[in-house]
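target02.cif, holding mmCIF, C-alpha atoms:
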```
data_coords
loop_
_atom_site.group_PDB
_atom_site.id
_atom_site.type_symbol
_atom_site.label_atom_id
_atom_site.label_comp_id
_atom_site.auth_asym_id
_atom_site.auth_seq_id
_atom_site.Cartn_x
_atom_site.Cartn_y
_atom_site.Cartn_z
ATOM 1 C CA MET M 82 9.104 15.076 -26.009
ATOM 2 C CA ASN M 83 9.013 11.455 -24.924
ATOM 3 C CA HIS M 84 10.859 12.468 -21.769
ATOM 4 C CA LEU M 85 8.107 14.964 -20.998
ATOM 5 C CA TYR M 86 5.476 12.246 -21.496
ATOM 6 C CA THR M 87 7.316 9.949 -19.077
ATOM 7 C CA TRP M 88 7.485 12.574 -16.317
ATOM 8 C CA ALA M 89 3.868 13.589 -16.913
ATOM 9 C CA GLY M 90 2.986 9.895 -16.549
ATOM 10 C CA ILE M 91 4.979 9.649 -13.295
ATOM 11 C CA LEU M 92 3.172 12.743 -11.979
ATOM 12 C CA VAL M 93 -0.233 11.215 -12.792
ATOM 13 C CA ILE M 94 0.764 7.943 -11.065
ATOM 14 C CA VAL M 95 1.892 9.811 -7.940
ATOM 15 C CA ILE M 96 -1.264 11.965 -7.766
ATOM 16 C CA THR M 97 -3.665 9.050 -8.311
ATOM 17 C CA SER M 98 -1.947 6.695 -5.872
ATOM 18 C CA VAL M 99 -1.646 9.371 -3.160
ATOM 19 C CA THR M 100 -5.357 10.150 -3.677
ATOM 20 C CA GLY M 101 -6.157 6.442 -3.398
ATOM 21 C CA ASP M 102 -4.090 5.938 -0.231
ATOM 22 C CA VAL M 103 -5.612 8.992 1.464
ATOM 23 C CA LEU M 104 -9.188 7.998 0.544
ATOM 24 C CA LEU M 105 -8.680 4.386 1.677
ATOM 25 C CA SER M 106 -7.045 5.519 4.912
ATOM 26 C CA HIS M 107 -9.920 7.930 5.587
ATOM 27 C CA ALA M 108 -12.461 5.188 4.823
ATOM 28 C CA MET M 109 -10.823 2.682 7.163
ATOM 29 C CA LYS M 110 -10.547 5.244 9.978
ATOM 30 C CA SER M 111 -14.298 5.846 9.779
ATOM 31 C CA VAL M 112 -14.955 2.087 9.672
ATOM 32 C CA GLY M 113 -12.940 1.727 12.883
ATOM 33 C CA ASP M 114 -10.639 -1.032 14.147
ATOM 34 C CA VAL M 115 -11.655 -4.014 11.973
ATOM 35 C CA GLY M 116 -10.211 -6.588 14.397
ATOM 36 C CA GLU M 117 -12.402 -5.259 17.202
ATOM 37 C CA ARG M 118 -15.458 -5.056 14.929
ATOM 38 C CA TYR M 119 -14.888 -8.605 13.675
ATOM 39 C CA ARG M 120 -14.911 -9.952 17.237
ATOM 40 C CA ARG M 121 -18.128 -8.076 17.995
ATOM 41 C CA THR M 122 -20.182 -8.548 14.806
ATOM 42 C CA GLY M 123 -18.511 -11.273 12.666
ATOM 43 C CA LEU M 124 -16.944 -11.059 9.205
ATOM 44 C CA VAL M 125 -19.874 -10.290 6.881
ATOM 45 C CA PRO M 126 -21.068 -7.068 8.616
ATOM 46 C CA VAL M 127 -17.459 -5.786 8.682
ATOM 47 C CA ILE M 128 -17.018 -6.379 4.934
ATOM 48 C CA GLY M 129 -20.443 -4.850 4.248
ATOM 49 C CA ARG M 130 -19.497 -1.773 6.266
ATOM 50 C CA ILE M 131 -16.221 -1.369 4.356
ATOM 51 C CA LEU M 132 -17.772 -1.871 0.889
ATOM 52 C CA GLY M 133 -20.636 0.465 1.789
ATOM 53 C CA ASN M 134 -18.239 3.317 2.547
ATOM 54 C CA PRO M 135 -18.195 5.759 -0.431
ATOM 55 C CA TYR M 136 -14.598 6.837 0.331
ATOM 56 C CA PHE M 137 -13.530 3.196 0.069
ATOM 57 C CA VAL M 138 -15.134 2.836 -3.379
ATOM 58 C CA LEU M 139 -13.546 6.126 -4.554
ATOM 59 C CA GLY M 140 -10.195 4.953 -3.164
ATOM 60 C CA ILE M 141 -10.415 1.738 -5.199
ATOM 61 C CA VAL M 142 -11.236 3.773 -8.336
ATOM 62 C CA ALA M 143 -8.185 5.994 -7.695
ATOM 63 C CA MET M 144 -5.980 2.918 -7.158
ATOM 64 C CA ALA M 145 -7.228 1.412 -10.435
ATOM 65 C CA ALA M 146 -6.444 4.717 -12.195
ATOM 66 C CA ALA M 147 -2.942 4.616 -10.646
ATOM 67 C CA PHE M 148 -2.435 1.065 -11.907
ATOM 68 C CA PHE M 149 -3.469 1.878 -15.475
ATOM 69 C CA SER M 150 -1.417 5.090 -15.577
ATOM 70 C CA LEU M 151 1.562 2.988 -14.437
ATOM 71 C CA LEU M 152 0.967 0.652 -17.389
ATOM 72 C CA PHE M 153 0.841 3.608 -19.796
ATOM 73 C CA ALA M 154 3.905 5.302 -18.307
ATOM 74 C CA LEU M 155 5.831 2.040 -18.603
ATOM 75 C CA SER M 156 5.106 1.979 -22.324
ATOM 76 C CA TRP M 157 6.619 5.485 -22.681
ATOM 77 C CA GLY M 158 9.592 5.272 -20.336
ATOM 78 C CA ASP M 159 12.050 2.769 -18.870
ATOM 79 C CA VAL M 160 10.892 0.689 -15.923
ATOM 80 C CA SER M 161 14.143 1.589 -14.123
ATOM 81 C CA LEU M 162 13.062 5.255 -14.086
ATOM 82 C CA VAL M 163 9.261 5.023 -13.829
ATOM 83 C CA ALA M 164 8.989 2.452 -11.001
ATOM 84 C CA PRO M 165 11.463 3.947 -8.481
ATOM 85 C CA ALA M 166 10.576 7.574 -9.297
ATOM 86 C CA SER M 167 6.844 7.030 -8.808
ATOM 87 C CA ALA M 168 7.283 4.813 -5.712
ATOM 88 C CA SER M 169 9.580 7.222 -3.883
ATOM 89 C CA LEU M 170 7.636 10.373 -4.840
ATOM 90 C CA THR M 171 4.473 8.623 -3.626
ATOM 91 C CA PHE M 172 6.078 8.189 -0.164
ATOM 92 C CA VAL M 173 6.790 11.909 0.116
ATOM 93 C CA GLY M 174 3.430 12.865 -1.434
ATOM 94 C CA ASN M 175 1.619 10.659 1.075
ATOM 95 C CA ALA M 176 3.355 12.344 4.010
ATOM 96 C CA VAL M 177 2.256 15.785 2.743
ATOM 97 C CA ALA M 178 -1.304 14.649 1.934
ATOM 98 C CA ALA M 179 -1.749 12.758 5.226
ATOM 99 C CA ARG M 180 -0.802 15.918 7.104
ATOM 100 C CA MET M 181 -3.091 18.165 5.026
ATOM 101 C CA PHE M 182 -6.173 15.989 4.575
ATOM 102 C CA LEU M 183 -6.048 13.328 7.309
ATOM 103 C CA HIS M 184 -4.629 15.712 9.963
ATOM 104 C CA GLU M 185 -2.022 13.180 11.016
ATOM 105 C CA ARG M 186 0.730 14.630 13.195
ATOM 106 C CA VAL M 187 3.696 14.218 10.851
ATOM 107 C CA ASP M 188 6.549 15.062 13.238
ATOM 108 C CA ARG M 189 10.252 15.219 12.451
ATOM 109 C CA ARG M 190 10.580 11.489 13.088
ATOM 110 C CA ARG M 191 7.987 10.709 10.388
ATOM 111 C CA TRP M 192 9.407 13.194 7.861
ATOM 112 C CA MET M 193 12.785 11.522 8.333
ATOM 113 C CA ALA M 194 11.223 8.095 7.884
ATOM 114 C CA ALA M 195 9.370 9.109 4.698
ATOM 115 C CA GLY M 196 12.505 10.776 3.285
ATOM 116 C CA LEU M 197 14.852 7.894 4.109
ATOM 117 C CA VAL M 198 12.459 5.293 2.697
ATOM 118 C CA ALA M 199 11.925 7.390 -0.459
ATOM 119 C CA CYS M 200 15.714 7.635 -1.027
ATOM 120 C CA GLY M 201 16.164 3.950 -0.227
ATOM 121 C CA VAL M 202 13.455 2.862 -2.666
ATOM 122 C CA ALA M 203 14.961 5.048 -5.405
ATOM 123 C CA LEU M 204 18.378 3.410 -4.871
ATOM 124 C CA LEU M 205 16.952 -0.106 -4.615
ATOM 125 C CA ALA M 206 14.965 -0.006 -7.828
ATOM 126 C CA GLY M 207 17.530 2.049 -9.764
ATOM 127 C CA MET Z 187 0.295 -1.935 19.754
ATOM 128 C CA THR Z 188 -0.441 -5.597 20.422
ATOM 129 C CA PHE Z 189 1.493 -8.577 19.096
ATOM 130 C CA GLN Z 190 -1.415 -9.278 16.723
ATOM 131 C CA LYS Z 191 -1.102 -5.799 15.187
ATOM 132 C CA TYR Z 192 2.620 -6.291 14.573
ATOM 133 C CA LEU Z 193 1.698 -9.536 12.799
ATOM 134 C CA VAL Z 194 -0.692 -7.611 10.515
ATOM 135 C CA LEU Z 195 2.101 -5.142 9.616
ATOM 136 C CA VAL Z 196 4.478 -8.045 8.888
ATOM 137 C CA GLY Z 197 1.689 -9.551 6.763
ATOM 138 C CA VAL Z 198 1.347 -6.333 4.718
ATOM 139 C CA ALA Z 199 5.098 -6.332 4.013
ATOM 140 C CA LEU Z 200 5.482 -10.057 3.280
ATOM 141 C CA PHE Z 201 2.287 -10.602 1.227
ATOM 142 C CA ALA Z 202 3.121 -7.631 -1.008
ATOM 143 C CA SER Z 203 6.677 -8.774 -1.744
ATOM 144 C CA ALA Z 204 5.634 -12.436 -2.145
ATOM 145 C CA GLY Z 205 2.771 -11.434 -4.464
ATOM 146 C CA ASP Z 206 5.022 -9.243 -6.621
ATOM 147 C CA SER Z 207 7.709 -11.955 -6.832
ATOM 148 C CA LEU Z 208 5.152 -14.599 -7.854
ATOM 149 C CA LEU Z 209 3.617 -12.307 -10.510
ATOM 150 C CA SER Z 210 7.078 -11.519 -11.829
ATOM 151 C CA ARG Z 211 7.930 -15.251 -12.007
ATOM 152 C CA GLY Z 212 4.653 -15.991 -13.807
ATOM 153 C CA MET Z 213 4.952 -13.145 -16.322
ATOM 154 C CA LYS Z 214 8.389 -14.465 -17.354
ATOM 155 C CA ASP Z 215 6.490 -17.493 -18.763
ATOM 156 C CA ILE Z 216 4.020 -15.262 -20.605
ATOM 157 C CA GLY Z 217 6.444 -12.781 -22.160
ATOM 158 C CA GLY Z 218 5.747 -9.176 -23.177
ATOM 159 C CA VAL Z 219 2.171 -7.902 -23.132
ATOM 160 C CA SER Z 220 1.323 -4.815 -25.175
ATOM 161 C CA LEU Z 221 -1.883 -3.022 -26.054
ATOM 162 C CA HIS Z 222 -1.808 -4.917 -29.371
ATOM 163 C CA ASN Z 223 -1.928 -8.414 -27.873
ATOM 164 C CA LEU Z 224 -4.110 -8.053 -24.819
ATOM 165 C CA SER Z 225 -5.187 -11.688 -25.322
ATOM 166 C CA ALA Z 226 -1.876 -12.624 -23.669
ATOM 167 C CA LEU Z 227 -3.432 -11.370 -20.408
ATOM 168 C CA ILE Z 228 -6.002 -14.175 -20.623
ATOM 169 C CA ALA Z 229 -3.155 -16.685 -20.832
ATOM 170 C CA ALA Z 230 -1.588 -14.914 -17.837
ATOM 171 C CA VAL Z 231 -4.542 -15.503 -15.492
ATOM 172 C CA ARG Z 232 -4.327 -19.245 -16.266
ATOM 173 C CA ASN Z 233 -0.699 -19.370 -15.167
ATOM 174 C CA PRO Z 234 -0.426 -20.945 -11.668
ATOM 175 C CA TRP Z 235 2.313 -18.498 -10.570
ATOM 176 C CA VAL Z 236 0.131 -15.542 -11.554
ATOM 177 C CA VAL Z 237 -2.923 -17.029 -9.789
ATOM 178 C CA LEU Z 238 -0.885 -17.559 -6.614
ATOM 179 C CA GLY Z 239 0.514 -14.026 -6.930
ATOM 180 C CA ILE Z 240 -3.005 -12.558 -7.211
ATOM 181 C CA LEU Z 241 -4.093 -14.521 -4.097
ATOM 182 C CA PHE Z 242 -1.135 -13.078 -2.174
ATOM 183 C CA LEU Z 243 -1.974 -9.550 -3.365
ATOM 184 C CA ILE Z 244 -5.580 -10.002 -2.171
ATOM 185 C CA ALA Z 245 -4.188 -11.063 1.231
ATOM 186 C CA PHE Z 246 -1.911 -7.989 1.125
ATOM 187 C CA PHE Z 247 -4.885 -5.701 0.472
ATOM 188 C CA ALA Z 248 -6.892 -7.197 3.355
ATOM 189 C CA ALA Z 249 -3.941 -6.778 5.732
ATOM 190 C CA TYR Z 250 -3.276 -3.223 4.461
ATOM 191 C CA MET Z 251 -6.918 -2.174 5.011
ATOM 192 C CA SER Z 252 -6.869 -3.755 8.477
ATOM 193 C CA ALA Z 253 -3.702 -1.831 9.377
ATOM 194 C CA LEU Z 254 -5.174 1.453 8.097
ATOM 195 C CA SER Z 255 -8.201 0.931 10.358
ATOM 196 C CA TRP Z 256 -6.056 1.394 13.487
ATOM 197 C CA ALA Z 257 -2.861 3.176 12.374
ATOM 198 C CA ASP Z 258 -1.885 6.378 10.519
ATOM 199 C CA LEU Z 259 -1.056 6.261 6.813
ATOM 200 C CA THR Z 260 2.300 7.893 7.607
ATOM 201 C CA TYR Z 261 2.966 5.039 10.055
ATOM 202 C CA VAL Z 262 1.815 2.075 7.943
ATOM 203 C CA LEU Z 263 3.654 3.008 4.736
ATOM 204 C CA PRO Z 264 7.193 3.399 6.157
ATOM 205 C CA ALA Z 265 6.722 0.532 8.638
ATOM 206 C CA THR Z 266 5.782 -1.922 5.892
ATOM 207 C CA SER Z 267 8.506 -0.788 3.488
ATOM 208 C CA ILE Z 268 10.678 -3.406 5.242
ATOM 209 C CA GLY Z 269 9.138 -5.625 2.524
ATOM 210 C CA TYR Z 270 11.533 -4.041 -0.028
ATOM 211 C CA VAL Z 271 14.423 -5.198 2.130
ATOM 212 C CA VAL Z 272 12.984 -8.726 2.346
ATOM 213 C CA LEU Z 273 12.583 -8.722 -1.441
ATOM 214 C CA ALA Z 274 16.244 -7.755 -1.942
ATOM 215 C CA LEU Z 275 17.377 -10.453 0.516
ATOM 216 C CA ILE Z 276 15.255 -13.057 -1.333
ATOM 217 C CA ALA Z 277 16.821 -11.890 -4.615
ATOM 218 C CA LYS Z 278 20.297 -12.304 -3.126
ATOM 219 C CA PHE Z 279 20.008 -15.582 -1.208
ATOM 220 C CA VAL Z 280 17.184 -17.505 -2.948
ATOM 221 C CA LEU Z 281 17.345 -16.329 -6.562
ATOM 222 C CA HIS Z 282 21.143 -15.710 -6.399
ATOM 223 C CA GLU Z 283 20.854 -12.336 -8.117
ATOM 224 C CA GLN Z 284 23.666 -9.818 -7.882
ATOM 225 C CA VAL Z 285 22.873 -7.158 -5.237
ATOM 226 C CA THR Z 286 25.004 -4.092 -5.980
ATOM 227 C CA MET Z 287 26.640 -1.754 -3.463
ATOM 228 C CA LEU Z 288 24.076 0.936 -4.336
ATOM 229 C CA ARG Z 289 21.244 -1.450 -3.450
ATOM 230 C CA TRP Z 290 22.813 -2.299 -0.077
ATOM 231 C CA VAL Z 291 22.904 1.452 0.646
ATOM 232 C CA GLY Z 292 19.213 1.583 -0.330
ATOM 233 C CA ILE Z 293 18.436 -1.304 2.058
ATOM 234 C CA LEU Z 294 20.290 0.511 4.842
ATOM 235 C CA LEU Z 295 18.299 3.758 4.267
ATOM 236 C CA ILE Z 296 14.947 1.918 4.265
ATOM 237 C CA SER Z 297 15.854 0.039 7.456
ATOM 238 C CA ALA Z 298 16.807 3.338 9.099
ATOM 239 C CA GLY Z 299 13.463 4.859 8.021
ATOM 240 C CA VAL Z 300 11.527 1.881 9.386
ATOM 241 C CA SER Z 301 13.289 2.033 12.749
ATOM 242 C CA PHE Z 302 12.597 5.794 12.952
ATOM 243 C CA VAL Z 303 8.843 5.445 12.501
ATOM 244 C CA ALA Z 304 8.485 2.184 14.473
ATOM 245 C CA GLY Z 305 9.733 3.905 17.628
ATOM 246 C CA GLY Z 306 6.881 6.447 17.560
ATOM 247 C CA PRO Z 307 3.123 6.245 18.119
ATOM 248 C CA ALA Z 308 1.015 4.358 15.527
ATOM 249 C CA LEU Z 309 -2.017 6.643 15.693
ATOM 250 C CA THR Z 310 -2.040 10.430 16.116
ATOM 251 C CA THR Z 311 -5.653 11.099 15.124
ATOM 252 C CA ARG Z 312 -8.792 10.210 17.017
ATOM 253 C CA PRO Z 313 -10.311 7.071 15.450
ATOM 254 C CA ALA Z 314 -14.033 6.315 15.247
ATOM 255 C CA ASP Z 315 -14.960 4.473 18.428
ATOM 256 C CA PRO Z 316 -17.157 1.509 17.365
ATOM 257 C CA ALA Z 317 -18.738 1.028 20.821
ATOM 258 C CA VAL Z 318 -19.845 4.657 21.269
ATOM 259 C CA GLU Z 319 -21.119 4.851 17.694
ATOM 260 C CA ASP Z 320 -23.163 1.630 17.987
ATOM 261 C CA GLU Z 321 -24.735 2.803 21.239
ATOM 262 C CA ALA Z 322 -25.785 5.992 19.465
ATOM 263 C CA LEU Z 323 -27.239 3.952 16.599
ATOM 264 C CA GLN Z 324 -29.149 1.714 18.994
ATOM 265 C CA ALA Z 325 -30.539 4.770 20.750
ATOM 266 C CA VAL Z 326 -31.795 6.111 17.403
ATOM 267 C CA HIS Z 327 -33.354 2.733 16.544
ATOM 268 C CA ALA Z 328 -34.992 2.481 19.963
ATOM 269 C CA ARG Z 329 -36.475 5.930 19.501
ATOM 270 C CA SER Z 330 -37.800 5.179 15.996
ATOM 271 C CA HIS Z 331 -39.446 1.949 17.182
ATOM 272 C CA SER Z 332 -41.159 3.441 20.197
#
```

As structure tokens, what does this structure read like?
Amino acid sequence: MNHLYTWAGILVIVITSVTGDVLLSHAMKSVGDVGERYRRTGLVPVIGRILGNPYFVLGIVAMAAAFFSLLFALSWGDVSLVAPASASLTFVGNAVAARMFLHERVDRRRWMAAGLVACGVALLAG
Amino acid sequence: MTFQKYLVLVGVALFASAGDSLLSRGMKDIGGVSLHNLSALIAAVRNPWVVLGILFLIAFFAAYMSALSWADLTYVLPATSIGYVVLALIAKFVLHEQVTMLRWVGILLISAGVSFVAGGPALTTRPADPAVEDEALQAVHARSHS
């Protein structure tokens, strides 16, 4: 039963952090290159533009949800399972979501990269 | 990709691993926090290691957002995972922790993944062009004022 709780927790972490990453990435793409904007308008308008973006705010909410679900999952399961499992599944989940929702061209090179990093993270934290 | 953009990616990787290490060092002073003694968290934010760690994580977030403004998510995430490797090397050579064979294999896989993605293009979608957009905005303003 506890095992089921742990994996359900990991699933919630992966879904919320992938949602957060995709929303934040979408927000920053619509803001545009911040370095270029900073040179043209200065710091305050750039920050205002980022904070005023609804996708950015939603992304932060999703990231906060991911953080708190990590805390809960850690109280149910071992850190040596929860941390690497959620981190490496998030890498693969992000590749799928970026292709579906952000229309990034995830070619073979990027699938390989996501897969290798996911395996590496699982080994490193295990 | 300019030199400055590579610096931002290095910043994402280094600030994240430095921030996590500092938080971890600070929380060792605090001890276990559970839902029953949340007051320990107040002690945590007074700990200098934790404060420094939070500052580094804020710097990480700024660098991460900057990177996402000009590069794909599927580029930024693998490219900055080199931070895990840096963290393991710090653990080995600064903190003198034991790095097992399995972890060295993990480091090798991550490095391979990073080199795969770093050789390709950073952006495969069309970004918002600030100049074009601002000209459009100015045109709208000009029209509304006339």

Using all atoms listed in the file, which protein or nucleic acid residues come within 6 Å of segment 101-115 of chain M? Drop anything in the same chain fewer than 3 positions from it, and give the result as a compact mmCIF listing (two decimals) with C-alpha atoms, keeping the file's coordinate frame.
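The result, stored in result09.txt:
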```txt
# COMPACT_ATOMS: atom_id res chain seq x y z
CA SER M 98 -1.95 6.70 -5.87
CA ARG M 118 -15.46 -5.06 14.93
CA TYR M 119 -14.89 -8.60 13.68
CA TYR M 136 -14.60 6.84 0.33
CA PHE M 137 -13.53 3.20 0.07
CA GLY M 140 -10.20 4.95 -3.16
CA ALA M 143 -8.18 5.99 -7.70
CA MET M 144 -5.98 2.92 -7.16
CA SER Z 252 -6.87 -3.76 8.48
CA LEU Z 254 -5.17 1.45 8.10
CA SER Z 255 -8.20 0.93 10.36
CA TRP Z 256 -6.06 1.39 13.49
CA PRO Z 313 -10.31 7.07 15.45
CA ALA Z 314 -14.03 6.32 15.25
```

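Once the PyMOL selection byres ((chain M and resi 196-201) around 8) is applied to the shown structure, the selection contains Ala168, Ser169, Leu170, Phe172, Val173, Trp192, Met193, Ala194, Ala195, Val202, Ala203, Leu204 and Leu205 of chain M; Pro264, Ser267, Val291, Gly292, Ile293, Leu294, Leu295, Ile296, Ser297, Ala298, Gly299 and Val300 of chain Z.
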
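Of note, atom CA of Ala202 of chain Z and atom CA of His282 of chain Z are spaced 20.5 Å apart.
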
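Using only C-alpha atoms for every distance, the candidate list M:Val125, M:Ile141, M:Leu132, M:Ala179 yields M:Ala179 as the residue closest to chain Z.
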
Query raised in the report: Which of these, Z:Ser225, Z:Ser210, Z:Thr310, Z:Ser301, has the shortest distance to Leu259 of chain Z once you count only C-alpha atoms?
Result: Z:Thr310

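By all atoms listed in the file, and with residues fewer than 2 positions from Ser156 of chain M along its chain excluded, the set lying at most 12 Å from it is Asn83, His84, Tyr86, Thr87, Gly90, Ile91, Phe149, Ser150, Leu151, Leu152, Phe153, Ala154, Gly158, Asp159, Val160, Leu162, Val163 and Ala164 of chain M; Gly218, Val219, Ser220 and Leu221 of chain Z.
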
Return the padded bounding box of segment 199-209 of chain Z as lines of an AutoDock Vina configuration file: axis-aligned, built from all atoms listed in the file, 4 Å added on each side, with centre and edge lengths in Å to one decimal.
```
center_x = 5.0
center_y = -10.5
center_z = -3.2
size_x = 13.4
size_y = 16.3
size_z = 22.5
```

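Take atom CA of Ala146 of chain M and atom CA of Thr171 of chain M: the distance between them is 14.4 Å.
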
**Report entry** Selected residue of minimal separation from chain Z among M:Ile131, M:Trp88, M:Pro126, M:Phe148, counting only C-alpha atoms
**Finding:** M:Ile131

Requested in this report: Would you translate the PyMOL selection byres ((chain Z and resi 234) around 12) into the concrete set of residues it matches in this file, as a ChimeraX atom specification?
Outcome: /Z:208-209,211-213,215-216,229-233,235-241

Report task. One decimal, Å: what's the distance from atom CA of Phe279 of chain Z over to atom CA of Val198 of chain Z, could you say? Result -> 21.7 Å

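Checking M:Ile94, M:Gly133, M:Phe182, M:Gly116 one by one against chain Z, counting only C-alpha atoms, you find the shortest gap at M:Gly116.
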